[in-house]
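This report concerns only the one structure given below.
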Amino acid sequence: MSSKTTTALVEAAPSRRLALVAGPQATAGLQSPDSDAARTMSALGWCAAFVDTVRLAAAGGLIADGSGFRAVDADGRTGRRVKGERVRLLARCGYLAPHTSGLVAATEDGHEALRLAEAAGPGVLRDEADVMASVRKARRARQWDSHAGQDAHALPVLPGGGEERRRLAAARKGAERAAVEAEKTRKRIEALMRRARIRDRREARRKAARKAERTAPRRCCRGVWPLDWRCKECRELAAQGIGDFLALPAGDSRTQQDHDNDTDGHTDMAGKQRITVKRITGFLWHATTSGQVYTIVKEDGREWPWIVVSPDGERIAHPSVINDEPFTDAIRDIVRAHADGKPVPGLPAASERAADAVTTPEEAAGGSAEGSDADEAVGVPASGDAYNTPTPARAVALDIYETKWVAECDRHGPVSMGLNKFGDAVDDVAAAYVYDNEQDAADAARTHLDAHAAQDADVMTPDDIDAAQALNFSRDQWRTLGWMSDGKVRETADGFTAYDISPDRADISKRIRKNLVPRLWVAGFVRVFAVAPGVREFGLTGEGERALRMWSNAIRISAVAEPEKDTKHAAVKDGSYRWLSAGDTWPGEVKAAQAAADAKAKAAAFAAALRKAEEEGAALKAATPTDDELAVFDALGREGLDENAAAVLSAAYIGHVITRYRPGATSVRLDKRSNEDERHVSRTYNVKGVEKPITTDARDTLLAIPANLTDATADTWHALCTSAVERYGVYWLDLQAAVEAGRAALAVLATDEEAEESPEPRASREFVQTAEPGTDTEVIEWAGAGLLWQRGDGFGHAGRAVPAARVAPLIEAGTLYRSADGRVYPVKDAKAETAGESDGVIAEVGDEAADIVIRHSRA
């Protein structure tokens with residue numbers, strides 16, 4: 001088992017075994033196999049070893065320590081070792097959980113699985129080899145996941161168990177977070193689309209304006225166009241000899257189409273050079289025109305971070321920004337206006353230009369005039385000589401309209417060099433291969449960079465080889481450093497051990513010699529961590545990682561040879577190593593004995609809190625009657641109830657009340673009262689036959705109804721008894737059989753009532769609804785008028801269905817209550833109903849019984 005998993009399961013090392021109260025215990029005995037349990041266990045796919053491990057944990061006999069998992073007896077003595085992979089699988093699937101005392105306890109799912117295994121019998125358990133083969137197959141199916149994620153899905157979770165509910169809740173939260181992120185993404189896309197539409201509209205307006213300017217008559221175009229190209233009005237004035245228009249040379253042999261081809265269709269750009277905008281880095285752009293290079297840089301800490309700088313260092317203007325990048329059309333407009341000497345839109349004020357220091361393009365980009373990056377890069381050798389971390393290659397746009405792309409690499413000299421179609425660097429950028437889209441250029445750059453990485457993997461300079469030979473690690477020292485790099489080496493009182501070191505087998509460990517690790521620690525290669533009392537873990541320092549990497553490279557290219565004995569390196573740490581086996585600790589480390597005492601006290605406090613919480617929960621459950629119990633109580637108060645049905649319902653009521661106050665009871669003893677013809681409950685018995693007297697609360701609750709268990713109905717309720725001593729009139733009532741008989745009697749009564757009762761009345765013409773539809777007041781008004789009926793699992797009013805979601809919360813809150821006649825009434829009418837003012841069915845019970853009904857309905 002891996003050391004990280006053991007660390008997660010161990011909080012403190014216990015000194016002896018601790019009995020845990022973690023859930024219901026499985027009852028062993030001679031029972032017939034349960035088909036439902038067999039199907040569930042077959043779906044879980046367990047083997048006998050899994051069942052034994054969970055049973056050991058449920059008994060408090062499984063402990064985790066620094067070396068793995070062991071069984072522990074009642075006196076705290078550790079025994080056999082338990083396979084760590086098995087415990088890890090059961091823990092990550094929700095059947096086991098670490099306890100604060102250091103023991104591994106069985107969860108509710110574990111107890112339930114253990115119960116199912118006992119009920120299903122041994123025939124459904126699979127062979128351990130088949131189970132582990134299925135586990136390995138499930139792990140391979142989730143290779144993208146972590147080891148913990150693979151183990152969590154290697155075994156099925158218990159259907160309907162706590163782990164399944166936890167995962168479903170986590171999945172719901174993940175879906176909610178994904179929905180929130182999707183909404184944020186949708187809003188971002190909408191914002192980008194709005195910006196794009198605004199940009200398209202602006203571009204369309206600019207194109208329309210240029211077209212209108214080209215096609216509009218030119219009234220003052222002297223000195224601009226040759227005479228043959230001027231407008232009709234200008235030619236007519238020139239033919240009349242008007243002197244205001246200077247005589248221009250006649251047009252040459254070029255046609256208007258030739259002129260448009262030279263200007264790329266933009267006649268308003270006559271005499272101007274095309275402007276090329278190119279991204280240099282993420283914070284530096286260049287705009288080139290007529291041999292001049294304008295710099296666009298990003299300055300942090302300003303409201304408008306992007307600034308256009310002229311070739312002479314003058315700060316010109318701030319371009320528009322889209323997605324935190326300058327808009328290329330805005331850059332071209334600014335550069336074109338500045339080159340023509342026209343006013344620049346957005347030009348900073350004179351005071352701002354005076355306040356800001358004038359910087360050169362190199363300084364604006366982050367360099368200096370005296371020592372720029374280009375000057376420093378002149379002496380940088382090509383790849384393979386300096387062995388430094390390279391700058392990644394990148395794809396850049398070189399065309400004015402961003403339709404042509406090339407790939408460049410920064411590792412071949414002081415300037416970027418283009419790549420040809422074979423991926424080789426070329427001196428002339430004109431020889432670089434031109435791509436039609438950015439993705440192809442980026443793929444070519446990435447392939448070229450992968451070639452650099454493959455070339456650098458096996459390269460070592462002569463100085464690196466000399467340094468590796470000076471390390472002179474032995475095979476044991478090299479492997480130990482590798483294990484420490486993966487966090488697999490630990491020290492306990494038993495010594496140094498490397499855990500889970502096999503690449504193809506689990507739980508393979510190896511002991512390490514006592515002096516090997518301290519020598520590496522003294523040499524400065526190793527760091528020590530106190531992960532738990534009596535447990536240390538090891539890692540590598542920066543020097544240790546560098547030494548391990550250098551020695552591994554030297555071994556791979558056969559530049560060094562391994563010595564037979566360990567090398568004693570020069571000491572760089574003061575003091576000697578403190579072995580745990582000798583009981584020595586560093587300041588800040590907690591001794592194992594003190595940690596065990598603290599863990600024992602913490603476990604005792606946790607057990608006390610757990611017992612208190614269970615007692616409070618049991619008391620609350622005992623004080624709350626169930627719906628089945630209330631239904632039986634209502635049926636006992638029905639007018640004209642047959643005495644045999646009353647006897648069956650009385651026995652069922654006894655079963656509900658006794659199991660509510662004493663959940664473990666399975667039967668009760670019935671003795672004679674002062675009236676020789678009636679029986680009452682005096683004792684309770686559990687499944688093992690342990691006898692206990694009836695509780696006071698249960699006795700008071702049963703006194704609210706007549707016993708109805710008389711000699712006249714003996715044939716009916718005797719069938720529900722397991723045994724009897726008729727000489728003394730003592731009988732033992734089976735509670736489960738009584739409850740089942742009560743359910744059957746209620747079903748018969750409900751069928752008879754549906755057959756006898758008249759059709760459900762519709763709303764009377766005299767009933768006028770005043771409450772607002774759809775509110776709780778409307779439902780209460782229906783109940784007050786006696787027009788709200790219960791129909792099976794639902795409710796009805798005036799011949800139409802009423803959703804149970806509208807009525808059930810009012811009944812649970814105590815505002816309404818169900819009556820035995822099938823209607824739903826307000827609680828304020830309950831006492832009147834019991835007194836005979838309505839169709840009450842429990843009038844003979846009296847006011848005391850009516851109060852009990854009201855209390856039950858409110859609960």
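Ligands are numbered from 1 in the order shown, chains are lettered A, B, ... in the order of the structure tokens, and residues start at 1 in each chain.
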
Check the DSSP output for the backbone and give back, as a ChimeraX atom specification, the residues of segment 43-88 of chain A in helix (DSSP H, G or I). /A:43-44,48-58,84-88

Can you tell me, as a list in words, what residues are no more than 8 Å from Leu44 of chain A when counting only C-alpha atoms, ignoring any on the same chain fewer than 5 positions away?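 The neighbour list is Leu155, Pro156, Val157 and Leu158 of chain A.
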
Export, as an mmCIF file, in the first residue's frame, the selected residues with all heavy atoms.
data_model
loop_
_atom_site.group_PDB
_atom_site.id
_atom_site.type_symbol
_atom_site.label_atom_id
_atom_site.label_comp_id
_atom_site.auth_asym_id
_atom_site.auth_seq_id
_atom_site.Cartn_x
_atom_site.Cartn_y
_atom_site.Cartn_z
ATOM 1 N N LEU A 155 -15.013 -0.940 -7.259
ATOM 2 C CA LEU A 155 -16.055 -1.793 -6.693
ATOM 3 C C LEU A 155 -17.373 -1.042 -6.711
ATOM 4 O O LEU A 155 -17.397 0.180 -6.545
ATOM 5 C CB LEU A 155 -15.712 -2.182 -5.240
ATOM 6 C CG LEU A 155 -14.532 -3.125 -5.029
ATOM 7 C CD1 LEU A 155 -14.281 -3.312 -3.544
ATOM 8 C CD2 LEU A 155 -14.796 -4.482 -5.676
ATOM 9 N N PRO A 156 -18.507 -1.744 -6.884
ATOM 10 C CA PRO A 156 -19.807 -1.055 -6.824
ATOM 11 C C PRO A 156 -20.095 -0.594 -5.395
ATOM 12 O O PRO A 156 -19.733 -1.259 -4.423
ATOM 13 C CB PRO A 156 -20.806 -2.131 -7.283
ATOM 14 C CG PRO A 156 -19.981 -3.191 -7.939
ATOM 15 C CD PRO A 156 -18.648 -3.159 -7.280
ATOM 16 N N VAL A 157 -20.715 0.568 -5.270
ATOM 17 C CA VAL A 157 -21.145 1.048 -3.957
ATOM 18 C C VAL A 157 -22.460 0.379 -3.596
ATOM 19 O O VAL A 157 -23.160 -0.168 -4.450
ATOM 20 C CB VAL A 157 -21.292 2.578 -3.950
ATOM 21 C CG1 VAL A 157 -19.962 3.233 -4.228
ATOM 22 C CG2 VAL A 157 -22.316 3.030 -4.978
ATOM 23 N N LEU A 158 -22.810 0.422 -2.315
ATOM 24 C CA LEU A 158 -24.039 -0.208 -1.845
ATOM 25 C C LEU A 158 -25.232 0.553 -2.386
ATOM 26 O O LEU A 158 -25.338 1.769 -2.203
ATOM 27 C CB LEU A 158 -24.067 -0.222 -0.314
ATOM 28 C CG LEU A 158 -25.249 -0.951 0.313
ATOM 29 C CD1 LEU A 158 -25.156 -2.447 0.023
ATOM 30 C CD2 LEU A 158 -25.303 -0.710 1.809
#

Running DSSP on the backbone, which parts of segment 635-705 of chain A land in strand (DSSP E), as a list in words?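 Result set for segment 635-705 of chain A (strand (DSSP E)): Ala665, Thr666, Ser667, Val668, Arg669, Leu670, Asp671, Lys672, Arg679, His680, Val681, Ser682, Arg683, Thr684, Tyr685, Asn686, Glu691, Lys692 and Pro693 of chain A.
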
Counting only C-alpha atoms, the residue of A:Asp677, A:Glu314, A:Glu639, A:Glu181 that sits nearest Ala820 of chain A: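 Nearest to Ala820 of chain A: A:Glu639.
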
Can you tell me how far atom CA of Ala152 of chain A sits from atom CA of Trp483 of chain A, in Å to one decimal?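 Straight-line distance from atom CA of Ala152 of chain A to atom CA of Trp483 of chain A works out to 25.5 Å.
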
Identify, on the basis of only C-alpha atoms, every residue whose closest approach to Ile501 of chain A does not exceed 9 Å; exclude the query and any residue fewer than 2 positions from it along the same chain; express the result as an mmCIF file with N, CA, C and O atoms, in the first residue's frame.
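And here's part-v3.cif as it stands now:
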data_model
loop_
_atom_site.group_PDB
_atom_site.id
_atom_site.type_symbol
_atom_site.label_atom_id
_atom_site.label_comp_id
_atom_site.auth_asym_id
_atom_site.auth_seq_id
_atom_site.Cartn_x
_atom_site.Cartn_y
_atom_site.Cartn_z
ATOM 1 N N SER A 2 0.478 2.293 -0.727
ATOM 2 C CA SER A 2 1.277 3.507 -0.823
ATOM 3 C C SER A 2 1.287 4.233 0.502
ATOM 4 O O SER A 2 0.347 4.172 1.304
ATOM 5 N N TRP A 483 13.196 6.558 -4.868
ATOM 6 C CA TRP A 483 12.026 6.292 -4.019
ATOM 7 C C TRP A 483 11.657 7.521 -3.193
ATOM 8 O O TRP A 483 10.476 7.812 -2.994
ATOM 9 N N LYS A 488 8.112 7.564 -1.195
ATOM 10 C CA LYS A 488 7.811 6.193 -0.803
ATOM 11 C C LYS A 488 8.640 5.693 0.375
ATOM 12 O O LYS A 488 8.463 4.546 0.792
ATOM 13 N N ALA A 498 10.906 1.264 2.251
ATOM 14 C CA ALA A 498 10.339 1.845 1.030
ATOM 15 C C ALA A 498 9.094 1.037 0.667
ATOM 16 O O ALA A 498 9.167 -0.182 0.536
ATOM 17 N N TYR A 499 7.962 1.721 0.518
ATOM 18 C CA TYR A 499 6.674 1.067 0.304
ATOM 19 C C TYR A 499 6.235 1.196 -1.152
ATOM 20 O O TYR A 499 6.483 2.205 -1.802
ATOM 21 N N PRO A 503 6.418 -1.680 -9.896
ATOM 22 C CA PRO A 503 5.557 -1.007 -10.884
ATOM 23 C C PRO A 503 4.369 -1.851 -11.329
ATOM 24 O O PRO A 503 3.418 -1.323 -11.881
ATOM 25 N N ARG A 505 3.113 -4.756 -9.293
ATOM 26 C CA ARG A 505 2.478 -5.476 -8.197
ATOM 27 C C ARG A 505 2.262 -4.520 -7.035
ATOM 28 O O ARG A 505 3.051 -3.595 -6.814
ATOM 29 N N ALA A 506 1.187 -4.742 -6.285
ATOM 30 C CA ALA A 506 0.841 -3.854 -5.168
ATOM 31 C C ALA A 506 1.429 -4.389 -3.869
ATOM 32 O O ALA A 506 1.673 -5.594 -3.707
ATOM 33 N N ASP A 507 1.629 -3.459 -2.920
ATOM 34 C CA ASP A 507 2.082 -3.786 -1.561
ATOM 35 C C ASP A 507 3.423 -4.533 -1.551
ATOM 36 O O ASP A 507 3.616 -5.493 -0.805
ATOM 37 N N ILE A 508 4.332 -4.098 -2.385
ATOM 38 C CA ILE A 508 5.692 -4.648 -2.378
ATOM 39 C C ILE A 508 6.593 -3.628 -1.690
ATOM 40 O O ILE A 508 6.716 -2.483 -2.139
ATOM 41 N N SER A 509 7.214 -4.012 -0.589
ATOM 42 C CA SER A 509 8.046 -3.111 0.198
ATOM 43 C C SER A 509 9.456 -3.673 0.308
ATOM 44 O O SER A 509 9.696 -4.861 0.033
ATOM 45 N N LYS A 510 10.383 -2.802 0.741
ATOM 46 C CA LYS A 510 11.781 -3.225 0.875
ATOM 47 C C LYS A 510 12.409 -2.469 2.041
ATOM 48 O O LYS A 510 12.253 -1.240 2.147
#

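For the set A:Ile512, A:Ala605, A:Leu89, A:Ala74, the residue with the smallest atom-to-atom gap to Arg136 of chain A is A:Leu89, counting only C-alpha atoms.
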
How many Å separate atom CA of Glu812 of chain A from atom CA of Val827 of chain A? 11.4 Å

Find the residues near segment 103-112 of chain A: any atom within 6 Å, counting only C-alpha atoms, skip ones fewer than 4 places away on the same chain, and give them as an NGL selection string. :A and (23 or 57-58 or 62-63 or 95-99 or 161)

How about saving the chosen residues, all heavy atoms kept, as a tab-separated table (two decimals), in the first residue's frame?
chain	number	residue	atom	x	y	z
A	23	GLY	N	-22.84	0.86	14.07
A	23	GLY	CA	-24.04	0.53	13.32
A	23	GLY	C	-24.62	-0.79	13.78
A	23	GLY	O	-24.12	-1.43	14.71
A	57	ALA	N	-13.20	-5.24	10.81
A	57	ALA	CA	-13.31	-3.82	11.13
A	57	ALA	C	-14.54	-3.55	11.99
A	57	ALA	O	-14.51	-2.70	12.89
A	57	ALA	CB	-13.37	-3.00	9.84
A	58	ALA	N	-15.67	-4.23	11.74
A	58	ALA	CA	-16.87	-4.02	12.54
A	58	ALA	C	-16.67	-4.45	13.98
A	58	ALA	O	-17.27	-3.88	14.90
A	58	ALA	CB	-18.04	-4.79	11.92
A	62	LEU	N	-9.27	-4.01	13.38
A	62	LEU	CA	-8.42	-3.64	12.25
A	62	LEU	C	-7.76	-2.31	12.56
A	62	LEU	O	-8.44	-1.32	12.85
A	62	LEU	CB	-9.24	-3.54	10.97
A	62	LEU	CG	-8.46	-3.21	9.68
A	62	LEU	CD1	-7.40	-4.25	9.42
A	62	LEU	CD2	-9.41	-3.10	8.49
A	63	ILE	N	-6.43	-2.28	12.51
A	63	ILE	CA	-5.67	-1.08	12.91
A	63	ILE	C	-4.72	-0.72	11.77
A	63	ILE	O	-4.26	-1.58	11.03
A	63	ILE	CB	-4.88	-1.34	14.22
A	63	ILE	CG1	-4.24	-0.06	14.73
A	63	ILE	CG2	-3.85	-2.42	14.03
A	63	ILE	CD1	-3.58	-0.23	16.08
A	95	TYR	N	-17.22	1.47	2.44
A	95	TYR	CA	-17.54	0.41	3.38
A	95	TYR	C	-16.70	0.49	4.66
A	95	TYR	O	-17.12	-0.04	5.69
A	95	TYR	CB	-17.33	-0.96	2.73
A	95	TYR	CG	-18.18	-1.17	1.51
A	95	TYR	CD1	-17.65	-1.07	0.22
A	95	TYR	CD2	-19.53	-1.44	1.63
A	95	TYR	CE1	-18.44	-1.25	-0.90
A	95	TYR	CE2	-20.33	-1.63	0.51
A	95	TYR	CZ	-19.78	-1.53	-0.75
A	95	TYR	OH	-20.57	-1.70	-1.85
A	96	LEU	N	-15.54	1.11	4.60
A	96	LEU	CA	-14.68	1.29	5.77
A	96	LEU	C	-14.32	2.76	5.89
A	96	LEU	O	-14.37	3.50	4.91
A	96	LEU	CB	-13.40	0.44	5.66
A	96	LEU	CG	-13.57	-1.08	5.55
A	96	LEU	CD1	-12.21	-1.75	5.41
A	96	LEU	CD2	-14.32	-1.63	6.76
A	97	ALA	N	-13.94	3.17	7.10
A	97	ALA	CA	-13.56	4.57	7.34
A	97	ALA	C	-12.57	4.61	8.49
A	97	ALA	O	-12.68	3.82	9.43
A	97	ALA	CB	-14.78	5.44	7.65
A	98	PRO	N	-11.59	5.51	8.44
A	98	PRO	CA	-10.64	5.62	9.55
A	98	PRO	C	-11.29	6.24	10.77
A	98	PRO	O	-12.11	7.15	10.67
A	98	PRO	CB	-9.54	6.53	8.98
A	98	PRO	CG	-10.24	7.34	7.94
A	98	PRO	CD	-11.29	6.45	7.36
A	99	HIS	N	-10.93	5.72	11.93
A	99	HIS	CA	-11.43	6.26	13.20
A	99	HIS	C	-10.35	7.11	13.84
A	99	HIS	O	-9.16	6.96	13.57
A	99	HIS	CB	-11.85	5.11	14.13
A	99	HIS	CG	-12.67	5.55	15.30
A	99	HIS	ND1	-12.13	5.84	16.52
A	99	HIS	CD2	-14.00	5.78	15.40
A	99	HIS	CE1	-13.09	6.20	17.35
A	99	HIS	NE2	-14.24	6.17	16.69
A	161	GLY	N	-27.11	3.27	-0.32
A	161	GLY	CA	-26.33	3.50	0.88
A	161	GLY	C	-25.83	4.94	1.00
A	161	GLY	O	-26.10	5.81	0.16

Write out as a list in words each polymer residue whose atoms come within 12 Å of Pro122 of chain A, counting only C-alpha atoms; drop sequence neighbours fewer than 5 positions from it. Ser32, Pro33, Asp34, Ala37, Ala38, Met41, Ser42, Trp46, Cys47, Ala48, Ala49, Val51, Leu114, Leu116, Ala117 and Asp127 of chain A
